[in-house]
$ cat coords00.csv   # CSV, C-alpha atoms
chain,number,residue,atom,x,y,z
V,1,MET,CA,136.5,9.4,49.1
V,2,ARG,CA,133.7,7.8,47.2
V,3,ARG,CA,135.0,9.0,43.8
V,4,GLN,CA,138.5,7.9,44.7
V,5,ALA,CA,137.0,4.4,45.3
V,6,ILE,CA,135.2,4.5,42.0
V,7,VAL,CA,138.4,5.6,40.2
V,8,LEU,CA,140.5,2.8,41.8
V,9,LEU,CA,137.8,0.2,41.1
V,10,ALA,CA,137.4,1.4,37.5
V,11,LEU,CA,141.2,1.1,37.0
V,12,VAL,CA,141.2,-2.5,38.2
V,13,GLY,CA,138.1,-3.3,36.1
V,14,LEU,CA,139.8,-1.7,33.1
V,15,LEU,CA,142.8,-4.0,33.6
V,16,VAL,CA,140.5,-7.1,33.9
V,17,ALA,CA,138.5,-6.1,30.8
V,18,THR,CA,141.7,-5.4,28.8
V,19,TYR,CA,143.1,-8.8,29.8
V,20,LEU,CA,139.9,-10.5,28.5
V,21,TRP,CA,139.9,-8.4,25.4
V,22,LEU,CA,143.5,-9.2,24.5
V,23,TYR,CA,142.6,-12.8,24.9
V,24,LYS,CA,139.6,-12.5,22.7
V,25,ILE,CA,141.6,-10.9,19.9
V,26,GLY,CA,144.3,-13.5,20.1
V,27,LEU,CA,147.1,-11.7,21.8
V,28,ILE,CA,147.0,-13.9,24.9
V,29,GLY,CA,147.1,-17.6,24.2
V,30,VAL,CA,145.7,-19.1,27.3
V,31,LEU,CA,143.6,-17.5,30.1
V,32,GLN,CA,144.9,-17.9,33.6
V,33,CYS,CA,141.6,-19.2,35.0
V,34,GLY,CA,142.4,-22.0,37.6
V,35,THR,CA,139.3,-24.1,38.0
V,36,GLY,CA,136.9,-21.8,36.3
V,37,SER,CA,135.5,-22.0,32.8
V,38,CYS,CA,137.0,-18.8,31.3
V,39,GLU,CA,137.8,-20.2,27.9
V,40,TYR,CA,134.4,-21.8,27.6
V,41,VAL,CA,132.7,-18.6,28.4
V,42,GLN,CA,135.0,-16.4,26.3
V,43,ALA,CA,134.7,-18.7,23.3
V,44,SER,CA,131.0,-18.8,23.4
V,45,ARG,CA,128.8,-16.8,21.0
V,46,PHE,CA,127.8,-14.7,23.9
V,47,ALA,CA,131.3,-13.3,24.2
V,48,GLU,CA,130.4,-11.0,21.3
V,49,LEU,CA,127.6,-8.5,21.0
V,50,LEU,CA,126.8,-6.9,17.6
V,51,GLY,CA,130.1,-8.3,16.3
V,52,VAL,CA,132.1,-6.6,19.0
V,53,PRO,CA,133.8,-8.6,21.8
V,54,VAL,CA,131.9,-8.1,25.1
V,55,ALA,CA,135.3,-7.4,26.8
V,56,LEU,CA,135.7,-4.4,24.6
V,57,TYR,CA,132.5,-2.9,25.9
V,58,GLY,CA,134.0,-3.5,29.3
V,59,VAL,CA,137.2,-1.7,28.4
V,60,ALA,CA,135.2,1.3,27.1
V,61,GLY,CA,132.8,1.3,30.1
V,62,TYR,CA,135.6,1.1,32.7
V,63,ALA,CA,137.7,3.7,30.8
V,64,ALA,CA,134.7,6.1,30.8
V,65,LEU,CA,134.1,5.6,34.5
V,66,PHE,CA,137.8,6.0,35.2
V,67,GLY,CA,138.0,9.2,33.1
V,68,VAL,CA,134.9,10.8,34.5
V,69,GLY,CA,135.8,9.7,38.1
V,70,LEU,CA,139.3,11.1,37.6
V,71,ALA,CA,138.0,14.4,36.3
V,72,GLY,CA,135.6,14.5,39.3
V,73,LEU,CA,138.5,14.5,41.6
V,74,ARG,CA,139.7,17.8,40.4
V,75,PRO,CA,138.9,20.6,42.8
V,76,ARG,CA,136.8,22.5,40.2
V,77,PHE,CA,134.5,19.5,39.8
V,78,ALA,CA,134.5,18.3,43.4
V,79,ALA,CA,131.0,19.8,44.1
V,80,ASP,CA,129.7,19.3,40.6
V,81,ARG,CA,126.5,17.2,40.7
V,82,ARG,CA,126.7,16.6,37.0
V,83,VAL,CA,129.8,14.5,37.5
V,84,THR,CA,128.0,12.5,40.2
V,85,ALA,CA,125.0,12.0,38.0
V,86,LEU,CA,127.2,11.0,35.0
V,87,LEU,CA,129.0,8.5,37.2
V,88,ALA,CA,125.7,7.1,38.5
V,89,ALA,CA,124.4,6.8,34.9
V,90,LEU,CA,127.5,5.1,33.6
V,91,ALA,CA,127.6,2.7,36.5
V,92,THR,CA,124.0,1.8,36.2
V,93,VAL,CA,124.4,0.9,32.5
V,94,GLY,CA,127.5,-1.1,33.4
V,95,PHE,CA,125.7,-2.8,36.2
V,96,GLY,CA,122.8,-3.7,34.0
V,97,PHE,CA,125.2,-5.1,31.4
V,98,THR,CA,126.9,-7.1,34.2
V,99,LEU,CA,123.6,-8.6,35.3
V,100,TYR,CA,122.8,-9.6,31.7
V,101,LEU,CA,126.2,-11.3,31.3
V,102,THR,CA,126.0,-13.0,34.7
V,103,ALA,CA,122.6,-14.4,33.8
V,104,ILE,CA,124.0,-15.7,30.5
V,105,GLU,CA,126.8,-17.5,32.4
V,106,LEU,CA,124.5,-18.9,35.1
V,107,PHE,CA,121.4,-19.9,33.1
V,108,VAL,CA,122.5,-20.4,29.5
V,109,LEU,CA,126.2,-21.4,29.5
V,110,HIS,CA,126.0,-23.0,33.0
V,111,ALA,CA,129.6,-21.9,33.4
V,112,THR,CA,131.4,-19.1,35.2
V,113,CYS,CA,134.5,-17.3,34.3
V,114,ARG,CA,136.5,-16.0,37.3
V,115,TRP,CA,137.5,-12.9,35.5
V,116,CYS,CA,133.9,-12.2,34.6
V,117,VAL,CA,132.9,-12.7,38.2
V,118,ALA,CA,135.7,-10.4,39.3
V,119,SER,CA,134.5,-7.8,36.8
V,120,ALA,CA,130.9,-8.2,38.0
V,121,VAL,CA,131.9,-7.7,41.6
V,122,ILE,CA,133.9,-4.6,40.6
V,123,MET,CA,131.1,-3.1,38.6
V,124,THR,CA,128.6,-3.8,41.4
V,125,ALA,CA,130.8,-2.1,43.9
V,126,ILE,CA,131.2,0.9,41.5
V,127,TRP,CA,127.5,1.0,41.0
V,128,ALA,CA,126.8,0.9,44.7
V,129,ALA,CA,129.3,3.7,45.3
V,130,ALA,CA,128.0,5.8,42.5
V,131,VAL,CA,124.3,5.4,43.3
V,132,THR,CA,125.0,6.1,47.0
V,133,GLY,CA,126.9,9.2,45.9
V,134,ARG,CA,124.0,10.3,43.7
V,135,ARG,CA,121.5,9.9,46.5
V,136,GLN,CA,123.7,11.9,49.0
V,137,SER,CA,124.2,14.5,46.3
V,138,GLY,CA,120.5,14.8,45.9
V,139,ASP,CA,120.2,15.2,49.7
V,140,GLY,CA,122.5,18.2,49.5
V,141,SER,CA,126.1,16.8,50.0
V,142,SER,CA,128.5,16.9,47.1
V,143,ARG,CA,130.0,13.4,47.2
K,144,MET,CA,145.3,13.2,47.4
K,145,LYS,CA,148.9,12.8,46.1
K,146,GLY,CA,149.1,9.5,47.9
K,147,PHE,CA,146.0,8.4,46.0
K,148,TYR,CA,147.6,9.2,42.6
K,149,VAL,CA,150.7,7.3,43.6
K,150,LEU,CA,148.4,4.3,44.5
K,151,LEU,CA,146.7,4.6,41.2
K,152,ALA,CA,150.0,4.7,39.3
K,153,GLY,CA,151.2,1.6,41.3
K,154,VAL,CA,148.0,-0.4,40.4
K,155,ALA,CA,148.3,0.7,36.8
K,156,VAL,CA,152.0,-0.4,36.6
K,157,VAL,CA,151.6,-3.7,38.4
K,158,GLY,CA,148.3,-4.6,36.6
K,159,GLY,CA,149.5,-3.5,33.3
K,160,GLY,CA,152.7,-5.5,33.8
K,161,VAL,CA,150.7,-8.6,34.6
K,162,VAL,CA,148.6,-8.2,31.4
K,163,TRP,CA,151.7,-7.5,29.4
K,164,TYR,CA,153.4,-10.6,30.8
K,165,SER,CA,150.4,-12.7,30.0
K,166,ALA,CA,150.5,-11.6,26.4
K,167,GLN,CA,154.0,-12.8,26.1
K,168,ARG,CA,153.3,-16.4,27.3
K,169,LYS,CA,153.4,-19.1,24.6
K,170,PRO,CA,150.3,-21.2,23.9
K,171,ALA,CA,150.3,-24.9,25.0
K,172,PRO,CA,152.4,-27.2,22.7
K,173,ALA,CA,150.6,-29.5,20.3
K,174,PRO,CA,150.4,-33.2,21.2
K,175,SER,CA,152.2,-35.3,18.7
K,176,ALA,CA,151.8,-39.0,19.5
K,177,PRO,CA,150.8,-41.3,16.7
K,178,ALA,CA,147.1,-42.2,16.3
K,179,ALA,CA,145.7,-45.5,17.7
K,180,VAL,CA,143.2,-46.7,15.1
K,181,VAL,CA,140.5,-49.2,15.8
K,182,PRO,CA,138.6,-49.5,12.5
K,183,ALA,CA,134.8,-50.0,12.4
K,184,ALA,CA,133.2,-53.1,10.9
K,185,ASP,CA,132.9,-51.3,7.5
K,186,GLY,CA,136.1,-49.3,7.9
K,187,PHE,CA,134.1,-46.2,8.7
K,188,ARG,CA,135.9,-43.9,11.1
K,189,GLY,CA,133.4,-41.1,11.6
K,190,TYR,CA,132.1,-38.1,9.8
K,191,THR,CA,134.5,-35.2,9.4
K,192,LEU,CA,134.3,-31.5,9.0
K,193,GLY,CA,137.1,-29.4,7.4
K,194,ALA,CA,139.7,-29.8,4.9
K,195,ALA,CA,141.7,-33.1,4.7
K,196,SER,CA,144.8,-30.9,4.3
K,197,ALA,CA,144.2,-29.3,7.7
K,198,PRO,CA,147.4,-29.6,9.8
K,199,ILE,CA,145.7,-31.1,12.8
K,200,GLU,CA,142.7,-33.4,13.4
K,201,VAL,CA,140.6,-33.5,16.5
K,202,THR,CA,138.5,-36.6,17.2
K,203,GLU,CA,135.4,-36.0,19.4
K,204,TYR,CA,133.7,-38.8,21.2
K,205,SER,CA,130.2,-37.7,21.9
K,206,ASP,CA,126.7,-38.7,23.0
K,207,PHE,CA,123.7,-37.0,21.6
K,208,GLU,CA,121.7,-37.3,24.8
K,209,CYS,CA,124.6,-35.9,26.9
K,210,PRO,CA,123.8,-32.3,28.1
K,211,PHE,CA,127.5,-31.3,28.1
K,212,CYS,CA,127.9,-32.5,24.6
K,213,ALA,CA,124.8,-30.5,23.6
K,214,SER,CA,126.3,-27.4,25.3
K,215,PHE,CA,129.6,-27.9,23.6
K,216,ALA,CA,127.9,-28.4,20.2
K,217,THR,CA,125.8,-25.4,20.5
K,218,VAL,CA,128.1,-23.0,22.3
K,219,GLN,CA,131.7,-23.9,21.5
K,220,MET,CA,131.4,-25.7,18.2
K,221,PRO,CA,130.1,-22.8,16.2
K,222,VAL,CA,133.2,-20.8,17.2
K,223,ILE,CA,135.5,-23.7,16.4
K,224,ARG,CA,133.8,-24.1,13.0
K,225,GLU,CA,134.1,-20.5,12.2
K,226,GLN,CA,137.6,-19.7,13.5
K,227,LEU,CA,139.4,-23.0,13.1
K,228,ILE,CA,137.6,-25.4,10.8
K,229,GLY,CA,136.4,-22.9,8.2
K,230,PRO,CA,139.8,-21.4,7.6
K,231,GLY,CA,141.3,-24.9,7.1
K,232,LYS,CA,143.3,-24.9,10.3
K,233,LEU,CA,141.6,-27.8,11.9
K,234,ARG,CA,139.7,-31.0,10.8
K,235,TRP,CA,137.0,-32.4,13.1
K,236,ARG,CA,136.1,-36.0,13.4
K,237,TYR,CA,132.9,-37.0,15.2
K,238,ARG,CA,132.7,-40.5,16.8
K,239,ASP,CA,129.7,-41.9,18.6
K,240,PHE,CA,130.0,-42.8,22.2
K,241,PRO,CA,126.4,-43.4,23.4
K,242,LEU,CA,126.5,-43.9,27.2
K,243,PRO,CA,124.6,-46.8,28.5
K,244,SER,CA,122.9,-44.6,31.1
K,245,HIS,CA,121.2,-42.6,28.4
K,246,ARG,CA,118.0,-44.2,27.1
K,247,TYR,CA,117.9,-42.8,23.6
K,248,SER,CA,121.4,-41.7,22.8
K,249,ARG,CA,122.1,-44.9,20.8
K,250,TYR,CA,118.9,-44.3,18.9
K,251,ALA,CA,119.9,-40.7,18.2
K,252,ALA,CA,123.3,-42.0,17.0
K,253,LEU,CA,121.5,-44.3,14.6
K,254,ALA,CA,119.3,-41.5,13.4
K,255,ALA,CA,122.3,-39.3,12.7
K,256,GLN,CA,124.0,-42.2,10.8
K,257,CYS,CA,120.9,-42.8,8.8
K,258,ALA,CA,120.8,-39.1,7.9
K,259,GLY,CA,124.5,-39.3,7.1
K,260,GLU,CA,123.8,-42.1,4.6
K,261,GLN,CA,122.0,-39.4,2.6
K,262,GLY,CA,124.7,-36.8,3.1
K,263,LYS,CA,122.9,-35.0,6.0
K,264,PHE,CA,124.9,-36.2,9.0
K,265,TRP,CA,126.0,-32.8,10.2
K,266,GLU,CA,122.6,-31.2,9.6
K,267,MET,CA,121.1,-34.0,11.7
K,268,HIS,CA,123.9,-33.7,14.3
K,269,ASP,CA,123.1,-30.0,14.7
K,270,ARG,CA,119.4,-30.5,14.9
K,271,LEU,CA,119.7,-33.2,17.6
K,272,PHE,CA,121.9,-30.9,19.7
K,273,GLU,CA,120.2,-27.6,19.0
K,274,GLN,CA,116.7,-29.0,19.9
K,275,HIS,CA,117.9,-30.9,22.8
K,276,GLN,CA,114.6,-30.8,24.8
K,277,TRP,CA,114.0,-34.3,23.6
K,278,ALA,CA,116.8,-35.5,25.9
K,279,ARG,CA,115.0,-34.1,29.0
K,280,THR,CA,111.5,-35.2,28.4
K,281,GLY,CA,112.1,-39.0,28.6
K,282,ASP,CA,109.5,-39.4,25.8
K,283,ASN,CA,110.2,-41.7,22.9
K,284,PRO,CA,111.8,-39.4,20.3
K,285,ARG,CA,111.1,-41.6,17.3
K,286,THR,CA,108.5,-39.2,15.8
K,287,LEU,CA,110.6,-36.1,16.7
K,288,PHE,CA,113.7,-37.6,15.0
K,289,ARG,CA,111.7,-38.3,11.9
K,290,ASP,CA,110.6,-34.6,11.9
K,291,PHE,CA,114.2,-33.6,12.3
K,292,ALA,CA,115.2,-35.9,9.4
K,293,ARG,CA,112.4,-34.4,7.2
K,294,ALA,CA,113.5,-30.9,8.2
K,295,VAL,CA,117.1,-31.5,7.1
K,296,GLY,CA,116.0,-32.8,3.8
K,297,VAL,CA,116.3,-36.6,4.3
K,298,ASP,CA,114.2,-39.0,2.2
K,299,LEU,CA,112.0,-40.5,4.9
K,300,ASP,CA,111.4,-43.8,3.2
K,301,LYS,CA,115.1,-44.5,3.1
K,302,TYR,CA,115.5,-43.1,6.6
K,303,ASP,CA,112.8,-45.4,8.0
K,304,ALA,CA,114.3,-48.4,6.3
K,305,CYS,CA,117.7,-47.5,7.6
K,306,MET,CA,116.4,-47.1,11.2
K,307,ASP,CA,114.2,-50.2,11.2
K,308,ALA,CA,117.2,-52.3,10.1
K,309,GLN,CA,119.5,-50.5,12.5
K,310,ARG,CA,121.8,-50.4,9.5
K,311,TYR,CA,124.7,-48.7,11.2
K,312,ALA,CA,124.6,-50.3,14.6
K,313,GLY,CA,127.9,-52.0,13.8
K,314,ARG,CA,129.5,-48.6,13.2
K,315,ILE,CA,128.3,-47.3,16.5
K,316,ASP,CA,129.5,-50.4,18.4
K,317,ALA,CA,132.9,-50.1,16.7
K,318,SER,CA,133.0,-46.4,17.6
K,319,VAL,CA,132.3,-47.2,21.2
K,320,GLN,CA,134.9,-50.0,21.2
K,321,GLU,CA,137.4,-47.6,19.7
K,322,GLY,CA,136.6,-45.0,22.3
K,323,GLU,CA,137.0,-47.5,25.2
K,324,ALA,CA,140.3,-48.6,23.8
K,325,ALA,CA,141.4,-45.0,23.7
K,326,GLY,CA,140.4,-44.5,27.3
K,327,VAL,CA,137.2,-42.5,26.9
K,328,ARG,CA,135.4,-42.3,30.2
K,329,GLY,CA,132.8,-39.6,29.6
K,330,THR,CA,131.5,-37.3,26.9
K,331,PRO,CA,132.5,-35.2,25.3
K,332,SER,CA,136.1,-36.4,25.1
K,333,PHE,CA,138.6,-35.1,22.6
K,334,TYR,CA,141.7,-36.7,21.1
K,335,VAL,CA,144.4,-35.1,19.1
K,336,ASN,CA,146.6,-37.5,17.2
K,337,GLY,CA,145.5,-40.3,19.5
K,338,ARG,CA,146.3,-38.5,22.7
K,339,SER,CA,143.6,-37.4,25.1
K,340,PHE,CA,143.2,-33.7,25.1
K,341,GLY,CA,141.7,-33.4,28.6
K,342,ARG,CA,138.8,-31.1,29.3
K,343,SER,CA,139.3,-29.2,26.1
K,344,THR,CA,137.8,-25.9,25.3
K,345,SER,CA,137.9,-23.6,22.3
K,346,ASP,CA,140.9,-22.0,23.9
K,347,ASP,CA,142.8,-25.3,24.0
K,348,PHE,CA,142.1,-25.8,20.3
K,349,LYS,CA,143.1,-22.3,19.5
K,350,ALA,CA,146.3,-22.7,21.4
K,351,LEU,CA,146.9,-26.0,19.7
K,352,VAL,CA,146.5,-24.5,16.2
K,353,ASP,CA,148.6,-21.5,17.1
K,354,SER,CA,151.4,-23.8,18.3
K,355,LEU,CA,151.3,-25.9,15.2
K,356,THR,CA,151.1,-22.9,12.9
K,357,LYS,CA,154.3,-21.5,14.5
K,358,LYS,CA,156.0,-24.8,14.1
K,359,HIS,CA,155.3,-24.9,10.4
K,360,LYS,CA,156.6,-21.3,9.9

$ encode --input "coords00.csv" --output "structure tokens"
Amino acid sequence: MRRQAIVLLALVGLLVATYLWLYKIGLIGVLQCGTGSCEYVQASRFAELLGVPVALYGVAGYAALFGVGLAGLRPRFAADRRVTALLAALATVGFGFTLYLTAIELFVLHATCRWCVASAVIMTAIWAAAVTGRRQSGDGSSR
Amino acid sequence: MKGFYVLLAGVAVVGGGVVWYSAQRKPAPAPSAPAAVVPAADGFRGYTLGAASAPIEVTEYSDFECPFCASFATVQMPVIREQLIGPGKLRWRYRDFPLPSHRYSRYAALAAQCAGEQGKFWEMHDRLFEQHQWARTGDNPRTLFRDFARAVGVDLDKYDACMDAQRYAGRIDASVQEGEAAGVRGTPSFYVNGRSFGRSTSDDFKALVDSLTKKHK
């Protein structure tokens, strides 16, 4: 059940990150942001890291979580602790990156992007599910 | 488990459809009203960045002491310079609009104008915004601005003479007058061909340029 939640959340996160990435590379003209500051955040120099759009890191991260989570749903991996550990590791990296980006929004840009907030909430939920799964796995249960 | 995969497929199809639909949407159209010009006392209409042949010109009314202007200048402007001004898609015009509520913004505007007299306006502009701590301390920034001027390569004797005489006060007054006539209420404010461009962001400018480029094709 926990891995199903991770897979579903990773898919939604993947869609959000893809949307932001398509905007960043110019395939989407205007972000649907309502009252947020999406364009402001996305156009800032912090929207790229090492020359790569931050959203693309999100696409890669969510895709990895989705792929590993999906594989972990297969019966042969259902009790595999390595999958649980890998999910927890990926989610922790993603969560750390999310914390960094959220701090940039709050304390440097003083602006928030709704899509970034959505992604942060999704990644936090994935992290909580993955880490909880890891702990339970360590206690003896599989997932 | 089968129901879960159906749910996944549903989310993927609906979400993918929304993303695909968004990618098909056209950018906002470009404003096209004629410009309203209020010339300065010496005919000066602001320092510009970018090619004169650029298809569109943005006029920015800004205040050096304004934190939002500093944020725009340091976060958004580098992207605009790189992606729109540098490639010749956009021309940028800077106009002073020092707000009365800011103690040293007019002084900063004078400093930038005096640096501009020696061809260093944008260097001084960048310095004033990038090292914006001066706007928060409340201290007299005279010495600091001189340091900025020295750092950007301005002849300090000429700079001091310019500042002491408030040589470009008329330009700043005219710029404020022009802004008020155009309806500027706060900073930064942006105008494209004389029409207010609202709370513009890099995205708006990008959409504007995209729209105009398509028109010209």

$ atom_distance --input "coords00.csv" --atom1 "CA of Ala103 in chain V" --atom2 "CA of Leu49 in chain V"
15.0 Å

$ axis_aligned_box --input "coords00.csv" --around "range 108-120 of chain V" --padding-each-side "4 Å" --output "JSON"
{"center_x": 130.0, "center_y": -15.4, "center_z": 34.4, "size_x": 23.0, "size_y": 23.2, "size_z": 17.8}

$ residues_near_point --input "coords00.csv" --point "(128.3, -12.0, 33.5)" --cutoff "12 Å" --atoms "only C-alpha atoms" --output "PyMOL selection string"
chain V and resi 38+41-42+46-47+54-55+58+94-124

$ interface_residues --input "coords00.csv" --of "chain K" --to "chain V" --cutoff "7 Å" --atoms "all atoms listed in the file" --output "list in words"
Leu151, Gly158, Gly159, Val162, Ser165, Ala166, Lys169, Pro170, Val218, Gln219, Val222, Thr344, Ser345, Asp346 and Ala350 of chain K

$ atom_distance --input "coords00.csv" --atom1 "CA of Ala324 in chain K" --atom2 "CA of Ser244 in chain K"
19.3 Å

$ atom_distance --input "coords00.csv" --atom1 "CA of Gly337 in chain K" --atom2 "CA of Ala325 in chain K"
7.5 Å

$ residues_around --input "coords00.csv" --residues "range 192-203 of chain K" --least-positions-apart "3" --cutoff "7 Å" --atoms "all atoms listed in the file" --output "MDAnalysis selection string"
chainID K and resid 228:229 231:238 331:336

$ residues_around --input "coords00.csv" --residues "Gly322 in chain K" --least-positions-apart "5" --cutoff "7 Å" --atoms "only C-alpha atoms" --output "ChimeraX atom specification"
/K:204,240,327

$ write_last_selection --input "coords00.csv" --atoms "C-alpha atoms" --output "short mmCIF file (atom, residue, chain, number, x, y, z; two decimals), keeping the file's coordinate frame"
data_model
loop_
_atom_site.label_atom_id
_atom_site.label_comp_id
_atom_site.auth_asym_id
_atom_site.auth_seq_id
_atom_site.Cartn_x
_atom_site.Cartn_y
_atom_site.Cartn_z
CA TYR K 204 133.70 -38.80 21.20
CA PHE K 240 130.00 -42.80 22.20
CA VAL K 327 137.20 -42.50 26.90
#

$ residues_around --input "coords00.csv" --residues "range 255-267 of chain K" --least-positions-apart "5" --cutoff "7 Å" --atoms "all atoms listed in the file" --output "PyMOL selection string"
chain K and resi 291-292+295+297+302+305-306+311
